[in-house]
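Visitor: Please see the structure below; I have some questions.
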Amino acid sequence: MSEILDAVRAGATADVLASLPMPTSTRAVFVRRQDADMFAGVASEDKDPRKSLHVGEVALPEIAPDEVYLAVMASSINFNTVWTSIFEPLPTFGFLDRLGKESVWGQRHAQDFHVVGSDASGVILRVGSAVRNWKIGDVVTVHCNYLDDQDPSSHDDSMMGSNQRIWGFETNFGGLADISIVKANQLMPKPTHLSWEEAAVNGLCNSTSYRMLVSANGAPVTQGDKVLIWGASGGIGSYAVQHVLNSGGTPIGVVSSPEKAAMLRELGCEHVIDRKEKNYQFWSDPHTQNEAEWRRLGKDIRGLVGADPDIVFEHPGRSTMGASVFVTKRGGTIVTCAATSGYMIEYDNRHLWMKLKTIKGSHFANYRESWDANARICEGLVVPPLSAVFPLEGTGEAAFEVHHNRHEGKIGVLCLAESEGLGITDHALRERVGEDRLTIFRRHA
């Protein structure tokens, strides 16, 4: 194990990597099937990922013909890692068991452990017999769309496949490990001007925002469009701000403190609403929404940009959907990808149908969208919102931070990378992008 990993850390050639024996196990972060009921009766906010996420050795299975072994230099924390760790809305072992019934290769995933993580940057150690476009030694990042290429629906838009999955959430052997197993069609070039940890945080959130706001599969922004972005200093929100700016639109970012507002303005978002300062009360009580507060939000938006938003970028869900539907302009679109405050949403349908508005559902991204979103990172047009970095052993603490919304942007996790700042090969591009811009979220953390 140590020999091949030392070679990766030292930047060994493909020939050297290929000559070294593959280890039979890897250090990884995982939850255990036996713990699935450990938080029974505990309120969601009191469930502690530090108690359920374990770091230890797990066996590595054989790779399928269309897969690679990836030496993971860094990974990151996403909300799906939190959901897995607190076994909500249900334990993920059901996902693994269903995958295990699909094929011989699927059986490898149905284990009594679940290695988590849906982001990664690293180096390819081995390639399966059917892999054509990638080779040992290639430096890559990973997107998390785990698709079924035998489903006809996948060949129009792979996100429409009946059994499309998210790697590291609905599959095993995810990115929070020293070695991961990845399909070849999840691989993308690593941005050369970024460190391992900066490159590792983008795959899931950047691709999600790109599909929602750039791709024709979402609600694509055009020049002059005004876009309200909830949670604009968070993971997907901060990418959304950048994609709107790159598309010629005007983002209106919603944040929860003056410090976050200042950070967002440095990112290029001129119009910011501090919801805590405004103290919006969209719900009068747990069962009743307050239309007067929706109207107040709409007035504040018009005061900033002179019009109602063409698009609302929705992901909080229950706490904000009523307001989102109300403030969107006549004929506008609410595009939603999540429901972090609750998925049983309510809104006044009169404001949807009588004003010809549209609610558009969106889930992650297909390979084309992920590749194009990654290209914007590679070109320096989008910067990673990395705010903190933890060691692999600290994954539980990092997930706890995300669970309680104590972070901004994205939290990176070092796997094989020995320290922060490694893996940068294009220093000239990094200088052109600017160290200050690349570290906005670290400086404001």
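Residue numbering restarts at 1 for every chain of the structure tokens, chains are lettered A, B, ... in their displayed order, and ligands are numbered from 1 as they appear.
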Could you list, as a ChimeraX atom specification, every residue within 10 Å of Gly161 in chain A, counting only C-alpha atoms and ignoring same-chain residues fewer than 5 positions away?
Guide: /A:147-156
Visitor: Based on DSSP run over this structure's backbone, return all residues of range 115-342 of chain A in helix (DSSP H, G or I), as a PyMOL selection string.
Guide: chain A and resi 152-155+158-160+184-186+196-200+203-213+235-246+258-267+275-278+291-305+321-327
Visitor: Calculate how many Å separate CA of Ala59 in chain A from CA of Gln107 in chain A, rounding to one decimal.
Guide: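 Result for CA of Ala59 in chain A versus CA of Gln107 in chain A: 14.0 Å, one decimal.
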Visitor: Excluding same-chain residues fewer than 3 positions from Ser215 in chain A, what lies within 12 Å of it counting only C-alpha atoms, as a PDB file with C-alpha atoms, in the first residue's frame?
Guide:
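Below is the file part-v1.pdb, written as the result:
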ATOM      1  CA  ASP A 157     -30.021  12.994 -21.207  1.00  0.00           C
ATOM      2  CA  SER A 207     -22.181  20.915 -12.268  1.00  0.00           C
ATOM      3  CA  THR A 208     -25.518  21.187 -10.462  1.00  0.00           C
ATOM      4  CA  SER A 209     -25.547  24.979 -10.773  1.00  0.00           C
ATOM      5  CA  TYR A 210     -24.427  24.816 -14.405  1.00  0.00           C
ATOM      6  CA  ARG A 211     -27.328  22.556 -15.395  1.00  0.00           C
ATOM      7  CA  MET A 212     -29.778  24.781 -13.542  1.00  0.00           C
ATOM      8  CA  GLY A 218     -32.524  23.979 -16.721  1.00  0.00           C
ATOM      9  CA  ALA A 219     -33.555  27.627 -16.868  1.00  0.00           C
ATOM     10  CA  PRO A 220     -30.707  29.077 -18.951  1.00  0.00           C
ATOM     11  CA  VAL A 221     -29.774  32.665 -18.178  1.00  0.00           C
ATOM     12  CA  THR A 222     -29.590  35.135 -21.031  1.00  0.00           C
ATOM     13  CA  HIS A 243     -22.574  31.339 -13.865  1.00  0.00           C
ATOM     14  CA  VAL A 244     -25.134  34.157 -13.903  1.00  0.00           C
ATOM     15  CA  SER A 247     -23.949  34.558 -18.854  1.00  0.00           C
ATOM     16  CA  VAL A 335     -35.585  26.178 -10.901  1.00  0.00           C
ATOM     17  CA  SER A 362     -33.239  19.835 -11.749  1.00  0.00           C
ATOM     18  CA  PHE A 364     -27.155  17.139 -10.755  1.00  0.00           C
ATOM     19  CA  ALA A 365     -25.947  17.104 -14.401  1.00  0.00           C
ATOM     20  CA  ASN A 366     -25.088  14.846 -17.307  1.00  0.00           C
ATOM     21  CA  TYR A 367     -21.535  14.243 -18.537  1.00  0.00           C
ATOM     22  CA  ARG A 368     -21.684  16.986 -21.183  1.00  0.00           C
ATOM     23  CA  GLU A 369     -22.901  19.543 -18.638  1.00  0.00           C
ATOM     24  CA  SER A 370     -20.378  18.450 -16.023  1.00  0.00           C
ATOM     25  CA  TRP A 371     -17.547  18.578 -18.566  1.00  0.00           C
ATOM     26  CA  ASP A 372     -18.527  22.080 -19.698  1.00  0.00           C
ATOM     27  CA  ALA A 373     -18.920  23.271 -16.108  1.00  0.00           C
TER      28      ALA A 373
END
Visitor: Could you list, as an NGL selection string, every residue within 6 Å of Tyr69 in chain A, counting only C-alpha atoms and ignoring same-chain residues fewer than 5 positions away?
Guide: :A and (125-126 or 180-181)
Visitor: When you count only C-alpha atoms, which of these residues is closest to Gly168 in chain A: A:Gln111, A:Ser118, A:Ser103, A:Ser256?
Guide: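 Of all the options, A:Ser118 lies closest to Gly168 in chain A.
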Visitor: Between A:Thr13, A:Ile4, A:Val58, A:Pro385, which has the minimum distance to Arg27 in chain A (counting only C-alpha atoms)?
Guide: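 Looking only at the distances to Arg27 in chain A, the closest residue turns out to be A:Val58.
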Visitor: Give me, as number ranges by chain, all polymer residues having an atom no more than 12 Å from Tyr239 in chain A, counting only C-alpha atoms and skipping those fewer than 5 positions away in the same chain.
Guide: A: 201-214, 229-234, 244-246, 251, 253, 264, 267-269, 313, 373-374, 376-377, 381-386, 409-410
Visitor: Just the selected residues (N, CA and C atoms), exported as a compact mmCIF listing (two decimals), in the first residue's frame, please.
Guide:
# COMPACT_ATOMS: atom_id res chain seq x y z
N VAL A 201 -13.40 20.25 -4.87
CA VAL A 201 -14.69 20.68 -4.31
C VAL A 201 -15.73 21.04 -5.36
N ASN A 202 -15.37 21.01 -6.65
CA ASN A 202 -16.23 21.61 -7.66
C ASN A 202 -17.24 20.67 -8.31
N GLY A 203 -16.89 19.41 -8.45
CA GLY A 203 -17.64 18.51 -9.32
C GLY A 203 -19.14 18.51 -9.10
N LEU A 204 -19.59 18.24 -7.89
CA LEU A 204 -21.02 18.11 -7.64
C LEU A 204 -21.72 19.47 -7.72
N CYS A 205 -21.28 20.43 -6.95
CA CYS A 205 -22.02 21.70 -6.84
C CYS A 205 -21.92 22.55 -8.10
N ASN A 206 -20.74 22.61 -8.70
CA ASN A 206 -20.58 23.42 -9.90
C ASN A 206 -21.41 22.86 -11.04
N SER A 207 -21.40 21.54 -11.20
CA SER A 207 -22.18 20.91 -12.27
C SER A 207 -23.67 21.11 -12.04
N THR A 208 -24.11 20.99 -10.79
CA THR A 208 -25.52 21.19 -10.46
C THR A 208 -25.97 22.59 -10.84
N SER A 209 -25.19 23.59 -10.46
CA SER A 209 -25.55 24.98 -10.77
C SER A 209 -25.51 25.23 -12.27
N TYR A 210 -24.54 24.62 -12.95
CA TYR A 210 -24.43 24.82 -14.40
C TYR A 210 -25.67 24.30 -15.12
N ARG A 211 -26.12 23.09 -14.76
CA ARG A 211 -27.33 22.56 -15.40
C ARG A 211 -28.52 23.46 -15.12
N MET A 212 -28.63 23.97 -13.91
CA MET A 212 -29.78 24.78 -13.54
C MET A 212 -29.82 26.11 -14.28
N LEU A 213 -28.66 26.72 -14.55
CA LEU A 213 -28.64 28.10 -15.01
C LEU A 213 -27.97 28.33 -16.36
N VAL A 214 -27.32 27.31 -16.92
CA VAL A 214 -26.65 27.48 -18.22
C VAL A 214 -27.21 26.51 -19.25
N ILE A 229 -30.91 34.36 -6.08
CA ILE A 229 -30.17 33.17 -5.67
C ILE A 229 -30.21 33.04 -4.16
N TRP A 230 -30.96 32.06 -3.68
CA TRP A 230 -30.97 31.77 -2.25
C TRP A 230 -29.64 31.11 -1.85
N GLY A 231 -29.20 31.41 -0.63
CA GLY A 231 -27.95 30.79 -0.15
C GLY A 231 -26.79 31.08 -1.06
N ALA A 232 -26.64 32.33 -1.47
CA ALA A 232 -25.69 32.68 -2.52
C ALA A 232 -24.23 32.59 -2.09
N SER A 233 -23.97 32.46 -0.80
CA SER A 233 -22.58 32.30 -0.36
C SER A 233 -22.27 30.85 -0.02
N GLY A 234 -23.22 29.96 -0.25
CA GLY A 234 -23.02 28.55 0.03
C GLY A 234 -22.41 27.80 -1.14
N VAL A 244 -24.26 33.06 -13.48
CA VAL A 244 -25.13 34.16 -13.90
C VAL A 244 -24.30 35.31 -14.44
N LEU A 245 -23.25 35.67 -13.74
CA LEU A 245 -22.38 36.76 -14.20
C LEU A 245 -21.74 36.43 -15.54
N ASN A 246 -21.26 35.19 -15.70
CA ASN A 246 -20.64 34.79 -16.96
C ASN A 246 -21.63 34.77 -18.12
N PRO A 251 -27.14 38.73 -10.88
CA PRO A 251 -27.52 37.96 -9.70
C PRO A 251 -27.96 38.85 -8.56
N GLY A 253 -28.13 38.09 -4.73
CA GLY A 253 -27.76 37.05 -3.78
C GLY A 253 -28.41 37.26 -2.42
N LEU A 264 -19.68 38.11 -0.93
CA LEU A 264 -20.38 37.95 -2.19
C LEU A 264 -20.10 39.13 -3.13
N LEU A 267 -16.94 38.64 -4.81
CA LEU A 267 -17.06 37.65 -5.87
C LEU A 267 -17.64 38.26 -7.14
N GLY A 268 -18.27 39.44 -7.02
CA GLY A 268 -18.81 40.12 -8.20
C GLY A 268 -20.30 40.32 -8.19
N CYS A 269 -20.96 39.93 -7.09
CA CYS A 269 -22.41 40.07 -6.98
C CYS A 269 -22.72 41.42 -6.34
N PHE A 313 -33.36 30.84 -8.26
CA PHE A 313 -32.51 29.66 -8.04
C PHE A 313 -32.87 29.11 -6.66
N ALA A 373 -19.06 22.53 -17.36
CA ALA A 373 -18.92 23.27 -16.11
C ALA A 373 -17.49 23.21 -15.61
N ASN A 374 -16.86 22.05 -15.74
CA ASN A 374 -15.46 21.90 -15.34
C ASN A 374 -14.54 22.74 -16.22
N ARG A 376 -15.15 25.64 -17.40
CA ARG A 376 -15.16 27.02 -16.90
C ARG A 376 -14.21 27.16 -15.71
N ILE A 377 -14.10 26.10 -14.91
CA ILE A 377 -13.12 26.10 -13.82
C ILE A 377 -11.71 26.09 -14.40
N LEU A 381 -12.66 30.98 -15.29
CA LEU A 381 -13.85 31.83 -15.32
C LEU A 381 -14.75 31.62 -14.10
N VAL A 382 -14.60 30.49 -13.45
CA VAL A 382 -15.29 30.20 -12.20
C VAL A 382 -14.25 29.77 -11.19
N VAL A 383 -14.32 30.31 -9.99
CA VAL A 383 -13.34 29.97 -8.95
C VAL A 383 -13.99 29.10 -7.89
N PRO A 384 -13.25 28.19 -7.29
CA PRO A 384 -13.82 27.32 -6.26
C PRO A 384 -14.06 28.07 -4.96
N PRO A 385 -15.21 27.89 -4.34
CA PRO A 385 -15.51 28.59 -3.09
C PRO A 385 -15.01 27.82 -1.87
N LEU A 386 -13.76 27.42 -1.90
CA LEU A 386 -13.19 26.63 -0.81
C LEU A 386 -13.01 27.52 0.42
N GLY A 409 -19.42 28.39 1.35
CA GLY A 409 -18.80 27.73 0.20
C GLY A 409 -18.70 26.23 0.41
N LYS A 410 -17.51 25.69 0.18
CA LYS A 410 -17.28 24.26 0.25
C LYS A 410 -16.14 23.94 1.23
Visitor: Quick check, in Å to one decimal: how far apart do CA of Glu88 in chain A and CA of Met159 in chain A lie?
Guide: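 Straight-line distance from CA of Glu88 in chain A to CA of Met159 in chain A works out to 22.5 Å.
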Visitor: If you run DSSP on this backbone, which residues of range 172-399 of chain A come out as strand (DSSP E), and could you give them as a VMD selection string?
Guide: chain A and resid 179 to 183 187 to 189 226 to 229 250 to 255 271 to 274 283 to 285 288 to 289 311 to 314 333 to 336 358 to 361 386 to 391
Visitor: Pick the closest to Ala417 in chain A from A:Glu397, A:Asp436, A:Glu379, A:Asp178: which is it, counting only C-alpha atoms?
Guide: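 Checking each of A:Glu397, A:Asp436, A:Glu379, A:Asp178 against Ala417 in chain A, counting only C-alpha atoms, the winner is A:Asp178.
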Visitor: Go through A:Lys278, A:His404, A:His271, A:His351 and flag the residue nearest Glu293 in chain A, using only C-alpha atoms for the distances.
Guide: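 Checking each of A:Lys278, A:His404, A:His271, A:His351 against Glu293 in chain A, counting only C-alpha atoms, the winner is A:Lys278.
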Visitor: Excluding Ile77 in chain A and its own-chain neighbours fewer than 5 positions away, which residues fall within 7 Å of it when counting only C-alpha atoms? Please give them as an MDAnalysis selection string.
Guide: chainID A and resid 117 399 411:412
Visitor: How would the residues just chosen look if you wrote them out with N, CA and C atoms as a tab-separated table (two decimals), in the first residue's frame?
Guide:
chain	number	residue	atom	x	y	z
A	117	GLY	N	-18.74	9.95	-0.20
A	117	GLY	CA	-17.99	11.00	-0.87
A	117	GLY	C	-18.33	11.08	-2.34
A	399	ALA	N	-18.29	17.14	8.34
A	399	ALA	CA	-19.71	16.89	8.05
A	399	ALA	C	-20.61	17.54	9.12
A	411	ILE	N	-16.26	22.78	1.86
A	411	ILE	CA	-15.21	22.26	2.74
A	411	ILE	C	-14.48	21.15	2.01
A	412	GLY	N	-13.16	21.28	1.90
A	412	GLY	CA	-12.33	20.26	1.28
A	412	GLY	C	-11.79	19.29	2.31
Visitor: Need the shell around Leu356 in chain A: protein/DNA/RNA residues with any atom at most 9 Å away, counting only C-alpha atoms. Skip same-chain ones fewer than 4 positions apart. Format as a PyMOL selection string?
Guide: chain A and resi 330-332+351-352
Visitor: Please produce an output containing N, CA and C atoms for each residue in the selection, written as an mmCIF file, in the first residue's frame.
Guide:
data_model
loop_
_atom_site.group_PDB
_atom_site.id
_atom_site.type_symbol
_atom_site.label_atom_id
_atom_site.label_comp_id
_atom_site.auth_asym_id
_atom_site.auth_seq_id
_atom_site.Cartn_x
_atom_site.Cartn_y
_atom_site.Cartn_z
ATOM 1 N N ARG A 330 -43.916 37.506 -13.962
ATOM 2 C CA ARG A 330 -44.899 36.851 -14.818
ATOM 3 C C ARG A 330 -44.167 36.118 -15.953
ATOM 4 N N GLY A 331 -44.442 34.834 -16.107
ATOM 5 C CA GLY A 331 -43.790 34.050 -17.146
ATOM 6 C C GLY A 331 -42.405 33.563 -16.772
ATOM 7 N N GLY A 332 -41.966 33.851 -15.555
ATOM 8 C CA GLY A 332 -40.623 33.469 -15.136
ATOM 9 C C GLY A 332 -40.543 32.026 -14.665
ATOM 10 N N HIS A 351 -50.569 32.208 -7.847
ATOM 11 C CA HIS A 351 -49.466 33.029 -8.342
ATOM 12 C C HIS A 351 -48.621 32.288 -9.376
ATOM 13 N N LEU A 352 -48.801 30.979 -9.470
ATOM 14 C CA LEU A 352 -48.108 30.199 -10.489
ATOM 15 C C LEU A 352 -48.921 30.158 -11.779
#
Visitor: For CA of Val123 in chain A and CA of Leu194 in chain A, quote the distance in Å rounded to one decimal.
Guide: 14.6 Å
Visitor: Which residue gives the smallest distance to Ser387 in chain A among A:Ala130, A:Ser76, A:Val82, A:Gln186, with only C-alpha atoms counted?
Guide: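 Ranking A:Ala130, A:Ser76, A:Val82, A:Gln186 by distance to Ser387 in chain A, first place goes to A:Ser76.
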Visitor: Quick one: of A:Leu99, A:Leu60, A:Met73, A:Ala177, who's nearest to Ala10 in chain A, counting only C-alpha atoms?
Guide: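 Nearest to Ala10 in chain A: A:Met73.
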